[in-house]
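Source file: target02.cif. Holds: mmCIF, C-alpha atoms; chains and numbers go by the auth columns.
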data_run
loop_
_atom_site.group_PDB
_atom_site.id
_atom_site.type_symbol
_atom_site.label_atom_id
_atom_site.label_comp_id
_atom_site.label_asym_id
_atom_site.label_seq_id
_atom_site.Cartn_x
_atom_site.Cartn_y
_atom_site.Cartn_z
_atom_site.B_iso_or_equiv
_atom_site.auth_seq_id
_atom_site.auth_asym_id
ATOM 1 C CA MET A 1 -62.483 198.201 -81.968 0.00 101 Y
ATOM 2 C CA LYS A 2 -61.198 198.626 -78.420 0.00 102 Y
ATOM 3 C CA ASN A 3 -57.565 198.191 -79.567 0.00 103 Y
ATOM 4 C CA ASN A 4 -58.019 200.855 -82.261 0.00 104 Y
ATOM 5 C CA PHE A 5 -59.322 203.299 -79.677 0.00 105 Y
ATOM 6 C CA PHE A 6 -56.324 202.759 -77.384 0.00 106 Y
ATOM 7 C CA GLY A 7 -53.973 202.948 -80.373 0.00 107 Y
ATOM 8 C CA ILE A 8 -55.358 206.341 -81.356 0.00 108 Y
ATOM 9 C CA ILE A 9 -55.114 207.600 -77.755 0.00 109 Y
ATOM 10 C CA TYR A 10 -51.488 206.381 -77.573 0.00 110 Y
ATOM 11 C CA ILE A 11 -50.524 208.132 -80.808 0.00 111 Y
ATOM 12 C CA LEU A 12 -52.239 211.374 -79.811 0.00 112 Y
ATOM 13 C CA SER A 13 -50.577 211.405 -76.396 0.00 113 Y
ATOM 14 C CA PHE A 14 -47.188 210.793 -78.028 0.00 114 Y
ATOM 15 C CA LEU A 15 -47.715 213.682 -80.452 0.00 115 Y
ATOM 16 C CA VAL A 16 -48.806 216.083 -77.726 0.00 116 Y
ATOM 17 C CA THR A 17 -45.916 215.262 -75.390 0.00 117 Y
ATOM 18 C CA SER A 18 -43.335 215.379 -78.164 0.00 118 Y
ATOM 19 C CA CYS A 19 -44.168 219.001 -78.945 0.00 119 Y
ATOM 20 C CA GLY A 20 -41.947 220.152 -76.067 0.00 120 Y
ATOM 21 C CA ILE A 21 -42.105 223.912 -75.488 0.00 121 Y
ATOM 22 C CA TYR A 22 -44.076 224.576 -78.651 0.00 122 Y
ATOM 23 C CA SER A 23 -47.476 226.145 -78.102 0.00 123 Y
ATOM 24 C CA PHE A 24 -50.477 226.196 -80.389 0.00 124 Y
ATOM 25 C CA THR A 25 -50.150 229.991 -80.696 0.00 125 Y
ATOM 26 C CA GLY A 26 -46.748 229.604 -82.324 0.00 126 Y
ATOM 27 C CA ALA A 27 -44.887 231.103 -79.369 0.00 127 Y
ATOM 28 C CA SER A 28 -41.352 229.932 -78.829 0.00 128 Y
ATOM 29 C CA ILE A 29 -40.764 230.770 -75.168 0.00 129 Y
ATOM 30 C CA PRO A 30 -37.071 230.670 -74.196 0.00 130 Y
ATOM 31 C CA PRO A 31 -36.315 228.026 -71.530 0.00 131 Y
ATOM 32 C CA GLY A 32 -36.513 229.419 -67.993 0.00 132 Y
ATOM 33 C CA THR A 33 -38.657 232.368 -69.039 0.00 133 Y
ATOM 34 C CA GLU A 34 -41.583 232.896 -66.702 0.00 134 Y
ATOM 35 C CA THR A 35 -42.411 236.626 -66.724 0.00 135 Y
ATOM 36 C CA PHE A 36 -42.785 239.584 -69.038 0.00 136 Y
ATOM 37 C CA GLN A 37 -43.228 243.279 -68.541 0.00 137 Y
ATOM 38 C CA VAL A 38 -44.739 245.875 -70.856 0.00 138 Y
ATOM 39 C CA ASP A 39 -43.641 249.383 -69.958 0.00 139 Y
ATOM 40 C CA TYR A 40 -45.989 252.258 -70.725 0.00 140 Y
ATOM 41 C CA PHE A 41 -45.840 253.159 -74.430 0.00 141 Y
ATOM 42 C CA GLN A 42 -45.727 256.953 -74.262 0.00 142 Y
ATOM 43 C CA ASN A 43 -47.421 258.804 -77.112 0.00 143 Y
ATOM 44 C CA VAL A 44 -44.859 261.210 -78.584 0.00 144 Y
ATOM 45 C CA ALA A 45 -46.602 261.403 -81.967 0.00 145 Y
ATOM 46 C CA GLY A 46 -47.631 265.025 -81.384 0.00 146 Y
ATOM 47 C CA ASN A 47 -43.966 266.025 -81.572 0.00 147 Y
ATOM 48 C CA ARG A 48 -43.794 264.975 -85.243 0.00 148 Y
ATOM 49 C CA PRO A 49 -45.053 267.178 -88.103 0.00 149 Y
ATOM 50 C CA GLY A 50 -48.347 265.848 -89.458 0.00 150 Y
ATOM 51 C CA SER A 51 -49.023 263.661 -86.425 0.00 151 Y
ATOM 52 C CA THR A 52 -51.724 264.276 -83.881 0.00 152 Y
ATOM 53 C CA VAL A 53 -52.076 263.309 -80.238 0.00 153 Y
ATOM 54 C CA GLU A 54 -54.995 261.021 -79.465 0.00 154 Y
ATOM 55 C CA PRO A 55 -55.841 261.049 -75.736 0.00 155 Y
ATOM 56 C CA GLY A 56 -55.715 257.571 -74.182 0.00 156 Y
ATOM 57 C CA LEU A 57 -53.986 256.002 -77.187 0.00 157 Y
ATOM 58 C CA ASP A 58 -50.869 255.227 -75.142 0.00 158 Y
ATOM 59 C CA ARG A 59 -52.817 253.490 -72.370 0.00 159 Y
ATOM 60 C CA ASP A 60 -55.015 251.539 -74.786 0.00 160 Y
ATOM 61 C CA PHE A 61 -52.065 250.301 -76.861 0.00 161 Y
ATOM 62 C CA THR A 62 -50.054 249.284 -73.785 0.00 162 Y
ATOM 63 C CA LEU A 63 -53.025 247.270 -72.470 0.00 163 Y
ATOM 64 C CA ALA A 64 -53.612 245.667 -75.892 0.00 164 Y
ATOM 65 C CA LEU A 65 -50.006 244.414 -76.026 0.00 165 Y
ATOM 66 C CA GLN A 66 -50.201 243.083 -72.458 0.00 166 Y
ATOM 67 C CA ASP A 67 -53.483 241.307 -73.197 0.00 167 Y
ATOM 68 C CA LEU A 68 -52.162 239.654 -76.362 0.00 168 Y
ATOM 69 C CA ILE A 69 -49.084 238.244 -74.631 0.00 169 Y
ATOM 70 C CA LEU A 70 -51.145 237.088 -71.637 0.00 170 Y
ATOM 71 C CA ASN A 71 -53.653 235.355 -73.924 0.00 171 Y
ATOM 72 C CA GLN A 72 -51.121 233.664 -76.207 0.00 172 Y
ATOM 73 C CA THR A 73 -48.519 232.527 -73.665 0.00 173 Y
ATOM 74 C CA ASN A 74 -48.356 231.137 -70.147 0.00 174 Y
ATOM 75 C CA LEU A 75 -46.053 233.967 -69.024 0.00 175 Y
ATOM 76 C CA SER A 76 -46.935 236.089 -65.991 0.00 176 Y
ATOM 77 C CA LEU A 77 -47.181 239.868 -66.266 0.00 177 Y
ATOM 78 C CA VAL A 78 -44.953 241.763 -63.817 0.00 178 Y
ATOM 79 C CA ASN A 79 -44.288 245.485 -63.262 0.00 179 Y
ATOM 80 C CA ASN A 80 -40.473 245.238 -63.120 0.00 180 Y
ATOM 81 C CA ASN A 81 -37.609 242.800 -63.551 0.00 181 Y
ATOM 82 C CA GLY A 82 -39.436 240.778 -66.221 0.00 182 Y
ATOM 83 C CA ASP A 83 -37.598 238.066 -68.110 0.00 183 Y
ATOM 84 C CA LEU A 84 -38.883 239.695 -71.303 0.00 184 Y
ATOM 85 C CA ILE A 85 -39.270 243.484 -71.429 0.00 185 Y
ATOM 86 C CA TYR A 86 -41.231 245.496 -73.992 0.00 186 Y
ATOM 87 C CA ARG A 87 -40.564 249.251 -74.096 0.00 187 Y
ATOM 88 C CA GLY A 88 -41.444 251.803 -76.663 0.00 188 Y
ATOM 89 C CA GLN A 89 -43.210 254.863 -77.921 0.00 189 Y
ATOM 90 C CA ILE A 90 -46.020 255.712 -80.276 0.00 190 Y
ATOM 91 C CA THR A 91 -44.042 257.787 -82.750 0.00 191 Y
ATOM 92 C CA SER A 92 -46.652 258.572 -85.387 0.00 192 Y
ATOM 93 C CA TYR A 93 -50.437 258.831 -85.529 0.00 193 Y
ATOM 94 C CA ARG A 94 -51.605 260.576 -88.676 0.00 194 Y
ATOM 95 C CA ILE A 95 -54.394 260.851 -91.187 0.00 195 Y
ATOM 96 C CA THR A 96 -53.463 261.223 -94.848 0.00 196 Y
ATOM 97 C CA PRO A 97 -55.622 261.426 -97.967 0.00 197 Y
ATOM 98 C CA MET A 98 -55.256 258.320 -100.142 0.00 198 Y
ATOM 99 C CA THR A 99 -57.416 258.757 -103.246 0.00 199 Y
ATOM 100 C CA ALA A 100 -58.804 261.854 -104.888 0.00 200 Y
ATOM 101 C CA THR A 101 -61.973 262.669 -106.782 0.00 201 Y
ATOM 102 C CA ALA A 102 -62.218 264.596 -110.059 0.00 202 Y
ATOM 103 C CA GLN A 103 -62.826 267.723 -107.930 0.00 203 Y
ATOM 104 C CA ASN A 104 -59.418 267.287 -106.235 0.00 204 Y
ATOM 105 C CA THR A 105 -60.879 266.317 -102.898 0.00 205 Y
ATOM 106 C CA ALA A 106 -60.072 263.199 -100.916 0.00 206 Y
ATOM 107 C CA SER A 107 -62.423 260.273 -101.355 0.00 207 Y
ATOM 108 C CA GLN A 108 -60.556 258.042 -98.903 0.00 208 Y
ATOM 109 C CA ASN A 109 -58.309 258.706 -95.917 0.00 209 Y
ATOM 110 C CA ARG A 110 -55.797 256.530 -94.133 0.00 210 Y
ATOM 111 C CA LEU A 111 -55.119 256.505 -90.402 0.00 211 Y
ATOM 112 C CA THR A 112 -51.581 255.231 -89.789 0.00 212 Y
ATOM 113 C CA MET A 113 -49.951 254.452 -86.466 0.00 213 Y
ATOM 114 C CA ARG A 114 -46.263 253.690 -85.931 0.00 214 Y
ATOM 115 C CA VAL A 115 -44.668 252.384 -82.745 0.00 215 Y
ATOM 116 C CA SER A 116 -41.017 252.026 -81.901 0.00 216 Y
ATOM 117 C CA VAL A 117 -40.340 248.924 -79.776 0.00 217 Y
ATOM 118 C CA GLU A 118 -37.334 247.936 -77.702 0.00 218 Y
ATOM 119 C CA TYR A 119 -37.455 244.236 -76.820 0.00 219 Y
ATOM 120 C CA ILE A 120 -35.124 242.968 -74.111 0.00 220 Y
ATOM 121 C CA ASN A 121 -34.731 239.237 -73.519 0.00 221 Y
ATOM 122 C CA SER A 122 -32.823 238.819 -70.248 0.00 222 Y
ATOM 123 C CA LYS A 123 -32.454 235.063 -70.866 0.00 223 Y
ATOM 124 C CA ASN A 124 -30.854 235.465 -74.299 0.00 224 Y
ATOM 125 C CA ASP A 125 -29.408 238.893 -75.068 0.00 225 Y
ATOM 126 C CA ASP A 126 -28.934 237.941 -78.743 0.00 226 Y
ATOM 127 C CA ASP A 127 -32.724 238.015 -79.163 0.00 227 Y
ATOM 128 C CA SER A 128 -33.016 241.636 -77.957 0.00 228 Y
ATOM 129 C CA PHE A 129 -33.657 244.318 -80.593 0.00 229 Y
ATOM 130 C CA GLU A 130 -35.182 247.694 -81.444 0.00 230 Y
ATOM 131 C CA GLN A 131 -37.612 247.941 -84.334 0.00 231 Y
ATOM 132 C CA SER A 132 -40.492 250.075 -85.627 0.00 232 Y
ATOM 133 C CA PHE A 133 -43.888 248.619 -86.505 0.00 233 Y
ATOM 134 C CA SER A 134 -46.609 250.361 -88.479 0.00 234 Y
ATOM 135 C CA PHE A 135 -50.133 249.646 -89.669 0.00 235 Y
ATOM 136 C CA PHE A 136 -53.071 251.586 -91.093 0.00 236 Y
ATOM 137 C CA TYR A 137 -56.840 251.751 -91.430 0.00 237 Y
ATOM 138 C CA ASP A 138 -58.539 253.184 -94.541 0.00 238 Y
ATOM 139 C CA PHE A 139 -61.867 254.980 -94.224 0.00 239 Y
ATOM 140 C CA PRO A 140 -64.168 257.164 -96.365 0.00 240 Y
ATOM 141 C CA ALA A 141 -63.222 260.847 -96.482 0.00 241 Y
ATOM 142 C CA GLU A 142 -66.690 261.920 -95.382 0.00 242 Y
ATOM 143 C CA ALA A 143 -66.262 260.028 -92.083 0.00 243 Y
ATOM 144 C CA GLN A 144 -64.766 261.800 -89.089 0.00 244 Y
ATOM 145 C CA ILE A 145 -62.008 260.235 -86.996 0.00 245 Y
ATOM 146 C CA PHE A 146 -64.363 260.258 -84.011 0.00 246 Y
ATOM 147 C CA ASP A 147 -66.810 258.038 -85.926 0.00 247 Y
ATOM 148 C CA ILE A 148 -64.270 255.376 -86.953 0.00 248 Y
ATOM 149 C CA LYS A 149 -61.784 255.599 -84.076 0.00 249 Y
ATOM 150 C CA ASP A 150 -62.931 252.529 -82.114 0.00 250 Y
ATOM 151 C CA THR A 151 -62.980 250.250 -85.167 0.00 251 Y
ATOM 152 C CA ALA A 152 -59.733 251.689 -86.513 0.00 252 Y
ATOM 153 C CA HIS A 153 -57.910 251.246 -83.202 0.00 253 Y
ATOM 154 C CA LYS A 154 -59.133 247.672 -82.886 0.00 254 Y
ATOM 155 C CA VAL A 155 -57.821 246.798 -86.371 0.00 255 Y
ATOM 156 C CA ILE A 156 -54.532 248.677 -85.962 0.00 256 Y
ATOM 157 C CA PHE A 157 -53.827 247.401 -82.432 0.00 257 Y
ATOM 158 C CA GLU A 158 -54.606 243.822 -83.435 0.00 258 Y
ATOM 159 C CA ARG A 159 -52.124 243.934 -86.290 0.00 259 Y
ATOM 160 C CA LEU A 160 -49.385 245.866 -84.475 0.00 260 Y
ATOM 161 C CA THR A 161 -49.492 243.704 -81.343 0.00 261 Y
ATOM 162 C CA GLN A 162 -49.508 240.510 -83.424 0.00 262 Y
ATOM 163 C CA ASP A 163 -46.540 241.770 -85.463 0.00 263 Y
ATOM 164 C CA ILE A 164 -44.648 242.560 -82.242 0.00 264 Y
ATOM 165 C CA PHE A 165 -45.540 239.137 -80.811 0.00 265 Y
ATOM 166 C CA ASN A 166 -44.405 237.402 -84.014 0.00 266 Y
ATOM 167 C CA ALA A 167 -41.088 239.274 -84.056 0.00 267 Y
ATOM 168 C CA THR A 168 -40.342 238.574 -80.393 0.00 268 Y
ATOM 169 C CA LEU A 169 -41.849 235.215 -79.494 0.00 269 Y
ATOM 170 C CA ALA A 170 -42.907 233.487 -82.705 0.00 270 Y
ATOM 171 C CA LYS A 171 -39.727 234.390 -84.592 0.00 271 Y
ATOM 172 C CA TRP A 172 -41.621 235.007 -87.828 0.00 272 Y
#
Please rewrite the model in this file as structure tokens.
Amino acid sequence: MKNNFFGIIYILSFLVTSCGIYSFTGASIPPGTETFQVDYFQNVAGNRPGSTVEPGLDRDFTLALQDLILNQTNLSLVNNNGDLIYRGQITSYRITPMTATAQNTASQNRLTMRVSVEYINSKNDDDSFEQSFSFFYDFPAEAQIFDIKDTAHKVIFERLTQDIFNATLAKW
């Protein structure tokens, strides 16, 4: 019994140490990378037809991206000269009707947010890119944006930040 216990401990320790730089979050941190920086994601959505400006959206999204990377990696957040740099803008924030009733009124609306991201990897320039990410939240037409905003932002931010993380550090 005692030998089985030590055998299991030995195998588990071998498996854990053989994982190298792999993390349980799926992050593939480039060797030598210690810091990241998330520049302020300015909300320029109001400049686009059909988009609206939501006060505080830029701050809340920037903080959500910082929090996700802090929670899923061992990287340190810095204000400048990060090994990994995330820059971007909120380019669209709009509500569109999705389904109609027999009376030609909307029965469901969709809140969609799009962000444009520039990712700079100072350790491996080949990994750097610019890409847009978008996600949505559907809600009943009788609900006002004020009533669903907190839930909608939570859902949208969670998906957008995870998509950005996957594209930059998980390589999915």
### Residue nearest Leu269 in chain Y - candidates Y:Phe161, Y:Tyr219, Y:Phe246, Y:Phe236, atoms counted: all atoms listed in the file
Y:Tyr219
### Message
Translate the PyMOL selection byres ((chain Y and resi 232) around 6) into a concrete residue list for this structure, as a list in words.
### Response
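Here the PyMOL selection byres ((chain Y and resi 232) around 6) matches Val215, Ser216, Val217, Gln231 and Phe233 of chain Y.
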### Query
Which value, in Å to one decimal, gives the distance between CA of Ile169 in chain Y and CA of Asp183 in chain Y?
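It comes out at 13.2 Å.
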### Query
If you measure from CA of Thr251 in chain Y to CA of Arg148 in chain Y, what distance in Å do you get, rounded to one decimal?
24.2 Å
### Task
Could you give me, as a VMD selection string, the residues within 8 Å of Ala241 in chain Y, counting all atoms listed in the file and dropping anything in the same chain fewer than 3 positions from it?
chain Y and resid 197 206 to 209 244
### Message
Between Y:Ala145, Y:Val178, Y:Val153, Y:Leu165, which residue has the minimum interatomic distance to Ile190 in chain Y, considering all atoms listed in the file?
### Response
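Among Y:Ala145, Y:Val178, Y:Val153, Y:Leu165, it is Y:Ala145 that comes nearest to Ile190 in chain Y.
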